[in-house]
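The file final-v6.pdb comes next; it holds PDB, C-alpha atoms and all ligand atoms.
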```pdb
ATOM      1  CA  MET A   1      72.334  92.285  99.080
ATOM      2  CA  LYS A   2      75.200  93.458  96.885
ATOM      3  CA  LEU A   3      78.287  94.843  98.622
ATOM      4  CA  LEU A   4      77.989  98.419  97.253
ATOM      5  CA  GLN A   5      74.238  98.604  96.627
ATOM      6  CA  GLY A   6      73.134 102.219  95.965
ATOM      7  CA  LYS A   7      76.541 103.748  96.797
ATOM      8  CA  VAL A   8      77.956 106.516  94.614
ATOM      9  CA  ALA A   9      81.551 105.954  93.522
ATOM     10  CA  VAL A  10      83.840 108.478  91.844
ATOM     11  CA  ILE A  11      86.727 106.971  89.887
ATOM     12  CA  THR A  12      89.350 109.060  88.096
ATOM     13  CA  GLY A  13      90.888 107.829  84.828
ATOM     14  CA  ALA A  14      88.398 105.046  84.209
ATOM     15  CA  SER A  15      88.047 104.821  80.438
ATOM     16  CA  ARG A  16      90.722 102.120  80.229
ATOM     17  CA  GLY A  17      92.799  99.674  82.259
ATOM     18  CA  ILE A  18      92.481  99.357  86.016
ATOM     19  CA  GLY A  19      90.001 102.238  86.390
ATOM     20  CA  ARG A  20      87.637 100.661  83.893
ATOM     21  CA  ALA A  21      87.815  97.289  85.675
ATOM     22  CA  ILE A  22      87.052  99.004  88.993
ATOM     23  CA  ALA A  23      84.038 100.790  87.478
ATOM     24  CA  LEU A  24      82.586  97.534  86.134
ATOM     25  CA  ARG A  25      83.311  95.562  89.316
ATOM     26  CA  PHE A  26      81.756  98.271  91.520
ATOM     27  CA  ALA A  27      78.717  98.373  89.220
ATOM     28  CA  ALA A  28      78.333  94.595  89.497
ATOM     29  CA  GLU A  29      78.118  95.198  93.272
ATOM     30  CA  GLY A  30      75.330  97.742  92.761
ATOM     31  CA  ALA A  31      77.249 101.040  92.880
ATOM     32  CA  ASN A  32      76.423 104.040  90.683
ATOM     33  CA  ILE A  33      79.538 105.268  88.921
ATOM     34  CA  ALA A  34      80.775 108.774  88.110
ATOM     35  CA  PHE A  35      84.061 108.517  86.271
ATOM     36  CA  SER A  36      86.456 111.047  84.805
ATOM     37  CA  ASP A  37      88.911 111.028  81.972
ATOM     38  CA  LEU A  38      91.016 113.672  80.274
ATOM     39  CA  ASN A  39      88.752 113.517  77.220
ATOM     40  CA  TYR A  40      85.206 112.269  76.891
ATOM     41  CA  ASP A  41      85.935 109.816  74.063
ATOM     42  CA  ASP A  42      84.535 106.583  72.558
ATOM     43  CA  ASN A  43      85.946 104.542  75.469
ATOM     44  CA  CYS A  44      83.872 106.644  77.875
ATOM     45  CA  ILE A  45      80.720 106.188  75.811
ATOM     46  CA  ALA A  46      81.336 102.415  75.665
ATOM     47  CA  LEU A  47      81.826 102.261  79.441
ATOM     48  CA  GLU A  48      78.620 104.232  80.060
ATOM     49  CA  LYS A  49      76.754 101.665  77.958
ATOM     50  CA  GLU A  50      78.293  98.734  79.856
ATOM     51  CA  LEU A  51      77.394 100.333  83.181
ATOM     52  CA  ALA A  52      73.811 100.909  82.054
ATOM     53  CA  ALA A  53      73.611  97.241  81.008
ATOM     54  CA  LEU A  54      74.565  96.324  84.581
ATOM     55  CA  GLY A  55      71.527  98.272  85.793
ATOM     56  CA  VAL A  56      73.309 101.169  87.501
ATOM     57  CA  LYS A  57      73.687 104.867  86.751
ATOM     58  CA  GLY A  58      77.028 105.532  85.053
ATOM     59  CA  LYS A  59      78.297 108.814  83.685
ATOM     60  CA  GLY A  60      81.634 109.943  82.277
ATOM     61  CA  TYR A  61      83.015 113.460  82.673
ATOM     62  CA  ALA A  62      85.907 115.124  80.844
ATOM     63  CA  SER A  63      88.032 116.385  83.712
ATOM     64  CA  ASP A  64      91.773 116.733  84.212
ATOM     65  CA  ALA A  65      92.426 115.268  87.665
ATOM     66  CA  SER A  66      95.647 117.260  87.947
ATOM     67  CA  SER A  67      93.719 120.548  87.865
ATOM     68  CA  PHE A  68      92.378 121.828  91.190
ATOM     69  CA  GLU A  69      89.644 123.944  89.584
ATOM     70  CA  ALA A  70      88.536 121.202  87.182
ATOM     71  CA  SER A  71      88.364 118.669  90.031
ATOM     72  CA  GLU A  72      86.178 120.961  92.169
ATOM     73  CA  LYS A  73      83.874 121.507  89.182
ATOM     74  CA  PHE A  74      83.784 117.754  88.473
ATOM     75  CA  ILE A  75      82.697 116.896  92.033
ATOM     76  CA  ASP A  76      80.116 119.718  92.032
ATOM     77  CA  GLU A  77      78.628 118.225  88.854
ATOM     78  CA  VAL A  78      78.682 114.717  90.326
ATOM     79  CA  VAL A  79      76.765 115.924  93.379
ATOM     80  CA  LYS A  80      74.203 117.606  91.117
ATOM     81  CA  ASP A  81      73.820 114.419  89.051
ATOM     82  CA  PHE A  82      74.142 111.729  91.745
ATOM     83  CA  GLY A  83      73.274 113.516  95.012
ATOM     84  CA  THR A  84      76.361 112.499  97.014
ATOM     85  CA  VAL A  85      79.748 110.724  96.973
ATOM     86  CA  ASP A  86      80.384 107.648  99.127
ATOM     87  CA  ILE A  87      83.559 106.273  97.545
ATOM     88  CA  LEU A  88      86.501 107.975  95.835
ATOM     89  CA  VAL A  89      89.141 106.077  93.881
ATOM     90  CA  ASN A  90      92.108 108.242  92.941
ATOM     91  CA  ASN A  91      93.202 106.052  90.045
ATOM     92  CA  ALA A  92      94.344 108.395  87.240
ATOM     93  CA  GLY A  93      98.051 108.029  86.627
ATOM     94  CA  ILE A  94     100.754 108.336  83.995
ATOM     95  CA  THR A  95     104.389 107.392  83.482
ATOM     96  CA  ARG A  96     107.187 109.400  81.884
ATOM     97  CA  ASP A  97     110.047 106.968  82.558
ATOM     98  CA  GLN A  98     113.643 108.072  82.164
ATOM     99  CA  LEU A  99     116.895 107.874  84.087
ATOM    100  CA  LEU A 100     117.333 110.966  86.243
ATOM    101  CA  MET A 101     120.238 112.037  84.043
ATOM    102  CA  ARG A 102     117.860 112.402  81.083
ATOM    103  CA  MET A 103     114.632 113.293  82.884
ATOM    104  CA  SER A 104     113.295 116.744  82.022
ATOM    105  CA  GLU A 105     111.811 119.105  84.574
ATOM    106  CA  THR A 106     108.582 118.999  82.523
ATOM    107  CA  ASP A 107     108.276 115.220  82.914
ATOM    108  CA  TRP A 108     109.054 115.392  86.637
ATOM    109  CA  ASP A 109     106.396 118.084  87.207
ATOM    110  CA  LEU A 110     103.757 116.415  85.041
ATOM    111  CA  VAL A 111     103.995 113.014  86.753
ATOM    112  CA  ILE A 112     103.851 114.559  90.232
ATOM    113  CA  LYS A 113     100.878 116.702  89.201
ATOM    114  CA  VAL A 114      98.843 113.925  87.561
ATOM    115  CA  ASN A 115      99.668 111.125  90.030
ATOM    116  CA  LEU A 116      99.982 112.928  93.367
ATOM    117  CA  LYS A 117      98.422 116.383  93.246
ATOM    118  CA  SER A 118      95.299 114.866  91.691
ATOM    119  CA  ALA A 119      94.659 112.926  94.922
ATOM    120  CA  PHE A 120      94.855 116.178  96.893
ATOM    121  CA  ASN A 121      92.463 117.863  94.434
ATOM    122  CA  LEU A 122      89.808 115.151  94.484
ATOM    123  CA  THR A 123      90.076 114.239  98.166
ATOM    124  CA  LYS A 124      89.720 117.892  99.169
ATOM    125  CA  ALA A 125      86.646 118.203  96.956
ATOM    126  CA  VAL A 126      84.893 115.082  98.324
ATOM    127  CA  GLN A 127      85.826 115.497 101.979
ATOM    128  CA  LYS A 128      83.180 118.236 102.482
ATOM    129  CA  ILE A 129      80.522 115.765 101.386
ATOM    130  CA  MET A 130      81.895 112.822 103.368
ATOM    131  CA  LEU A 131      82.255 114.959 106.504
ATOM    132  CA  LYS A 132      78.550 115.816 106.284
ATOM    133  CA  THR A 133      77.469 112.194 105.801
ATOM    134  CA  ARG A 134      80.054 110.999 108.328
ATOM    135  CA  SER A 135      81.074 108.115 106.142
ATOM    136  CA  GLY A 136      83.262 107.408 103.160
ATOM    137  CA  SER A 137      86.007 105.299 101.682
ATOM    138  CA  ILE A 138      88.919 106.848  99.790
ATOM    139  CA  ILE A 139      91.271 104.591  97.840
ATOM    140  CA  ASN A 140      94.526 105.842  96.359
ATOM    141  CA  MET A 141      96.202 103.898  93.556
ATOM    142  CA  SER A 142      99.861 103.744  94.525
ATOM    143  CA  SER A 143     102.346 101.178  93.185
ATOM    144  CA  VAL A 144     104.889  98.670  94.485
ATOM    145  CA  VAL A 145     107.587 101.028  93.169
ATOM    146  CA  GLY A 146     106.268 103.672  95.576
ATOM    147  CA  VAL A 147     107.568 101.357  98.309
ATOM    148  CA  SER A 148     110.632  99.823  96.649
ATOM    149  CA  GLY A 149     111.718 102.579  94.204
ATOM    150  CA  ASN A 150     112.740 101.701  90.642
ATOM    151  CA  ALA A 151     115.612 102.815  88.422
ATOM    152  CA  GLY A 152     114.252 104.917  85.570
ATOM    153  CA  GLN A 153     111.077 105.829  87.467
ATOM    154  CA  SER A 154     112.203 108.392  90.035
ATOM    155  CA  ASN A 155     109.325 110.750  89.196
ATOM    156  CA  TYR A 156     106.706 107.962  89.176
ATOM    157  CA  SER A 157     108.081 106.253  92.328
ATOM    158  CA  ALA A 158     108.192 109.579  94.178
ATOM    159  CA  SER A 159     104.577 110.314  93.213
ATOM    160  CA  LYS A 160     103.429 106.862  94.353
ATOM    161  CA  ALA A 161     105.424 107.068  97.614
ATOM    162  CA  GLY A 162     103.849 110.485  98.166
ATOM    163  CA  LEU A 163     100.411 108.903  97.799
ATOM    164  CA  ILE A 164     101.222 106.502 100.649
ATOM    165  CA  GLY A 165     102.136 109.384 102.976
ATOM    166  CA  PHE A 166      98.989 111.209 101.863
ATOM    167  CA  THR A 167      96.865 108.095 102.510
ATOM    168  CA  LYS A 168      98.146 107.641 106.054
ATOM    169  CA  SER A 169      97.723 111.351 106.874
ATOM    170  CA  ILE A 170      94.148 111.484 105.566
ATOM    171  CA  ALA A 171      93.296 108.268 107.443
ATOM    172  CA  GLN A 172      94.444 110.021 110.638
ATOM    173  CA  GLU A 173      92.666 113.321 109.856
ATOM    174  CA  LEU A 174      89.300 111.874 108.866
ATOM    175  CA  GLY A 175      89.079 108.608 110.809
ATOM    176  CA  SER A 176      87.100 110.128 113.689
ATOM    177  CA  ARG A 177      84.370 111.001 111.135
ATOM    178  CA  ASN A 178      84.134 107.401 109.921
ATOM    179  CA  ILE A 179      85.987 108.188 106.696
ATOM    180  CA  ARG A 180      88.576 105.556 105.783
ATOM    181  CA  CYS A 181      91.524 106.055 103.472
ATOM    182  CA  ASN A 182      93.669 103.233 102.089
ATOM    183  CA  ALA A 183      96.083 102.655  99.239
ATOM    184  CA  ILE A 184      96.563  99.807  96.812
ATOM    185  CA  ALA A 185     100.036  99.080  95.483
ATOM    186  CA  PRO A 186      99.664  97.080  92.274
ATOM    187  CA  GLY A 187     102.691  95.300  90.857
ATOM    188  CA  PHE A 188     102.858  94.389  87.177
ATOM    189  CA  ILE A 189      99.298  94.626  85.833
ATOM    190  CA  GLU A 190      98.489  93.937  82.155
ATOM    191  CA  THR A 191      97.196  97.295  80.837
ATOM    192  CA  ASP A 192      98.194  99.853  78.165
ATOM    193  CA  MET A 193     100.649 101.279  80.715
ATOM    194  CA  THR A 194     102.697  98.057  80.878
ATOM    195  CA  ALA A 195     102.098  97.103  77.224
ATOM    196  CA  LYS A 196     104.550  99.906  76.351
ATOM    197  CA  LEU A 197     107.434  98.043  78.059
ATOM    198  CA  PRO A 198     109.965  96.221  75.878
ATOM    199  CA  ASP A 199     109.704  92.387  75.904
ATOM    200  CA  ASP A 200     113.032  91.837  77.710
ATOM    201  CA  ILE A 201     111.976  94.117  80.575
ATOM    202  CA  ARG A 202     108.560  92.390  80.824
ATOM    203  CA  THR A 203     110.279  88.977  80.988
ATOM    204  CA  GLU A 204     112.619  90.208  83.738
ATOM    205  CA  TRP A 205     109.690  91.604  85.777
ATOM    206  CA  ILE A 206     107.688  88.370  85.473
ATOM    207  CA  LYS A 207     110.718  86.337  86.624
ATOM    208  CA  GLY A 208     110.667  88.300  89.886
ATOM    209  CA  ILE A 209     106.999  87.525  90.593
ATOM    210  CA  PRO A 210     106.423  84.407  92.744
ATOM    211  CA  LEU A 211     103.095  83.755  90.946
ATOM    212  CA  ARG A 212     105.043  84.004  87.617
ATOM    213  CA  ARG A 213     102.466  86.107  85.769
ATOM    214  CA  GLY A 214     101.310  89.667  85.401
ATOM    215  CA  GLY A 215      98.139  90.666  87.220
ATOM    216  CA  LYS A 216      94.815  91.466  85.600
ATOM    217  CA  PRO A 217      93.000  94.777  86.135
ATOM    218  CA  GLU A 218      90.257  92.682  87.802
ATOM    219  CA  ASP A 219      92.762  91.536  90.476
ATOM    220  CA  VAL A 220      93.121  95.176  91.527
ATOM    221  CA  ALA A 221      89.387  95.828  91.160
ATOM    222  CA  ASN A 222      88.567  92.978  93.572
ATOM    223  CA  THR A 223      90.793  94.520  96.245
ATOM    224  CA  CYS A 224      89.107  97.853  95.560
ATOM    225  CA  VAL A 225      85.687  96.315  96.255
ATOM    226  CA  PHE A 226      86.996  95.080  99.607
ATOM    227  CA  LEU A 227      88.330  98.525 100.543
ATOM    228  CA  ALA A 228      85.237 100.364  99.296
ATOM    229  CA  SER A 229      82.752  98.124 101.089
ATOM    230  CA  ASP A 230      81.901  97.424 104.716
ATOM    231  CA  LEU A 231      83.971  94.236 104.476
ATOM    232  CA  SER A 232      86.895  96.512 105.374
ATOM    233  CA  SER A 233      85.072  98.705 107.911
ATOM    234  CA  TYR A 234      87.978  98.400 110.403
ATOM    235  CA  VAL A 235      90.748  98.906 107.818
ATOM    236  CA  SER A 236      92.220 102.390 107.363
ATOM    237  CA  GLY A 237      95.631 103.893 106.608
ATOM    238  CA  GLN A 238      96.845 100.646 105.015
ATOM    239  CA  VAL A 239      98.671  99.836 101.809
ATOM    240  CA  ILE A 240      97.620  96.556 100.198
ATOM    241  CA  ASN A 241     100.080  95.115  97.673
ATOM    242  CA  VAL A 242      98.364  93.415  94.719
ATOM    243  CA  CYS A 243     101.455  92.082  93.026
ATOM    244  CA  GLY A 244     101.552  88.275  92.922
ATOM    245  CA  GLY A 245     104.052  88.369  95.786
ATOM    246  CA  MET A 246     106.562  90.595  93.922
ATOM    247  CA  LEU A 247     106.887  92.811  97.001
ATOM    248  CA  MET A 248     106.721  91.297 100.485
TER     249      MET A 248
HETATM  250  P1  LIG B 301      96.295 103.250  81.818
HETATM  251  O1  LIG B 301      95.818 102.005  81.172
HETATM  252  O2  LIG B 301      97.401 104.028  81.184
HETATM  253  O3  LIG B 301      95.025 104.194  82.086
HETATM  254  C1  LIG B 301      95.210 105.414  82.741
HETATM  255  C2  LIG B 301      93.896 106.156  82.796
HETATM  256  O4  LIG B 301      94.110 107.406  83.465
HETATM  257  C3  LIG B 301      93.332 106.455  81.421
HETATM  258  O5  LIG B 301      91.935 106.308  81.449
HETATM  259  C4  LIG B 301      93.720 107.923  81.232
HETATM  260  O6  LIG B 301      92.867 108.667  80.382
HETATM  261  C5  LIG B 301      93.568 108.441  82.645
HETATM  262  N1  LIG B 301      94.259 109.709  82.874
HETATM  263  C6  LIG B 301      95.541 110.006  82.598
HETATM  264  N2  LIG B 301      95.809 111.274  82.956
HETATM  265  C7  LIG B 301      94.647 111.784  83.455
HETATM  266  C8  LIG B 301      94.281 113.043  83.999
HETATM  267  N3  LIG B 301      95.156 114.046  84.083
HETATM  268  N4  LIG B 301      93.018 113.220  84.416
HETATM  269  C9  LIG B 301      92.109 112.225  84.332
HETATM  270  N5  LIG B 301      92.395 111.007  83.847
HETATM  271  C10 LIG B 301      93.658 110.790  83.410
HETATM  272  O7  LIG B 301      96.817 102.957  83.305
HETATM  273  P2  LIG B 301      96.528 101.717  84.278
HETATM  274  O8  LIG B 301      97.603 100.719  84.052
HETATM  275  O9  LIG B 301      95.120 101.318  84.219
HETATM  276  O10 LIG B 301      96.861 102.410  85.687
HETATM  277  C11 LIG B 301      95.848 102.936  86.540
HETATM  278  C12 LIG B 301      96.515 103.361  87.835
HETATM  279  O11 LIG B 301      97.185 102.245  88.427
HETATM  280  C13 LIG B 301      97.584 104.454  87.649
HETATM  281  O12 LIG B 301      97.563 105.336  88.743
HETATM  282  C14 LIG B 301      98.875 103.664  87.651
HETATM  283  O13 LIG B 301      99.973 104.438  88.030
HETATM  284  C15 LIG B 301      98.538 102.581  88.666
HETATM  285  N6  LIG B 301      99.386 101.389  88.550
HETATM  286  C16 LIG B 301      99.371 100.645  87.393
HETATM  287  C17 LIG B 301     100.218  99.526  87.316
HETATM  288  C18 LIG B 301     100.259  98.649  86.088
HETATM  289  O14 LIG B 301     101.071  97.710  86.072
HETATM  290  N7  LIG B 301      99.423  98.856  85.089
HETATM  291  C19 LIG B 301     101.040  99.199  88.390
HETATM  292  C20 LIG B 301     101.020  99.977  89.514
HETATM  293  C21 LIG B 301     100.194 101.080  89.597
HETATM  294  P3  LIG B 301      93.095 108.737  78.787
HETATM  295  O15 LIG B 301      92.451 107.500  78.243
HETATM  296  O16 LIG B 301      92.369 109.990  78.428
HETATM  297  O17 LIG B 301      94.564 108.810  78.556
END
```
So, in terms of structure tokens, how does the structure I just supplied come out?
Amino acid sequence: MKLLQGKVAVITGASRGIGRAIALRFAAEGANIAFSDLNYDDNCIALEKELAALGVKGKGYASDASSFEASEKFIDEVVKDFGTVDILVNNAGITRDQLLMRMSETDWDLVIKVNLKSAFNLTKAVQKIMLKTRSGSIINMSSVVGVSGNAGQSNYSASKAGLIGFTKSIAQELGSRNIRCNAIAPGFIETDMTAKLPDDIRTEWIKGIPLRRGGKPEDVANTCVFLASDLSSYVSGQVINVCGGMLM
């Protein structure tokens, strides 16, 4: 029996990077996948095909996770198409890095809205369903810099720290209904997000990682499978660092 056989998983921001790896890993464990992205583009179509090849139902939706109305509509459509939601991964995230001195109000607001408010939007929309079924696993994609902070990322770090507080609060609110909520704090993972970094900064980051390499999206996806499945049935309100030992 596969670990997520027949479960319905919602993943935000899954056309690329970590979200995409989670979708494929969940599908390999038998889960049906509803994923969102800002735009329904070629990456979404390609992912749908890969999911179908794995023998599960997979569908992409154009939905801005930072919008409350769009998120409600997205989950309503998922329930129509898939019947229920068992797992939610709040993965969508962006960076707008800048020292505070140069950071605009627009970039502060946007990062908080996409990275933090999105988790509120989606969690609120799925909780009605999970409360009825009295089960569920919610996973929030935080970051090591949400714990440690990072110069030049005050907006991003604040959003990721906020997700940790949100995770622990939701774990306390919904635990009695058998709904678990955990966070993953990835370190330096090789995706488009980190590909933007200049070489000298990448080299510096890698030097600070005991395993001396960046992580792969699959490293995060494997931890996600653990948190989504019954393997972690007694784990809630936790933050798991997936960072090669960068943060201890
Ligand atoms: P990525 O490669 O930049 O992919 C981000 C995904 O989120 C894309 O599919 C993007 O869609 C989607 N997205 C962006 N804004 C959205 C919105 N408003 N609504 C819906 N989808 C949206 O990023 P990643 O590296 O895979 O990161 C995934 C998550 O892990 C993020 O929350 C990030 O903060 C976190 N994380 C990453 C690292 C790392 O080292 N990579 C480390 C720590 C934490 P489009 O394709 O349409 O742009």
Give me the residues within 9 Å of range 173-177 of chain A as an MDAnalysis selection string, counting all atoms listed in the file and dropping any in the same chain fewer than 5 places off. chainID A and resid 127 130:136 168 236
Give as a VMD selection string the residues that the PyMOL selection byres (((chain A and resi 192-197) around 12) and not hetatm) matches when applied to the coordinates above. chain A and resid 15 to 19 92 to 97 186 to 191 198 to 206 214 to 217
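Taking only C-alpha atoms and all ligand atoms into account, ligand LIG 301 (chain B) lies nearest to A:Ser143 out of the set A:Gln98, A:Ser143, A:Asn178, A:Asn121.
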Determine the residue set returned by the PyMOL selection byres (((chain A and resi 53-59) around 7) and not hetatm) for the present structure, and present it as a ChimeraX atom specification. /A:27-28,30-35,48-52,60-61
Explicit residues for the PyMOL selection byres (((chain A and resi 247) around 10) and not hetatm) (as a list of chain:residue names): A:Val144, A:Val145, A:Val147, A:Ser148, A:Ala185, A:Pro186, A:Gly187, A:Gly208, A:Ile209, A:Pro210, A:Asn241, A:Val242, A:Cys243, A:Gly244, A:Gly245, A:Met246, A:Met248
The centre and edge lengths of an axis-aligned box containing all atoms of range 122-127 of chain A present in the file, extended by 6 Å on each side, are to be given in Å to one decimal, as JSON.
```
{"center_x": 87.5, "center_y": 116.2, "center_z": 98.2, "size_x": 17.2, "size_y": 16.0, "size_z": 19.5}
```
Separating CA of Asn115 in chain A from atom O13 of ligand LIG 301 (chain B), to the nearest tenth of an Å, is a gap of 7.0 Å
Looking at only C-alpha atoms, which of A:Lys73, A:Ser118, A:Asn90, A:Leu24 is the one that sits closest to Leu47 in chain A? A:Leu24
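Taking CA of Ser229 in chain A and CA of Leu4 in chain A as the two end points, the separation is 6.1 Å.
Taking CA of Val78 in chain A as the reference point, atom O5 of ligand LIG 301 (chain B) is found at 18.0 Å.
With distances taken over all atoms listed in the file, A:Asn91 is the one residue among A:Gln153, A:Asn91, A:Ser159, A:Ser104 lying closest to Ala65 in chain A.
In this comparison, which uses all atoms listed in the file, the residue of A:Lys80, A:Lys160, A:Arg212, A:Lys128 approaching Leu116 in chain A most closely is A:Lys160.
Of the residues under consideration (A:Ser137, A:Thr106, A:Ser157, A:Ser67), A:Ser137 shows the shortest atom-to-atom contact distance to Ile170 in chain A when counting all atoms listed in the file.
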Give the answer as one residue: which of A:Arg25, A:Ser63, A:Lys117, A:Arg20 has the shortest atom-to-atom distance to Asn43 in chain A, using only C-alpha atoms? A:Arg20
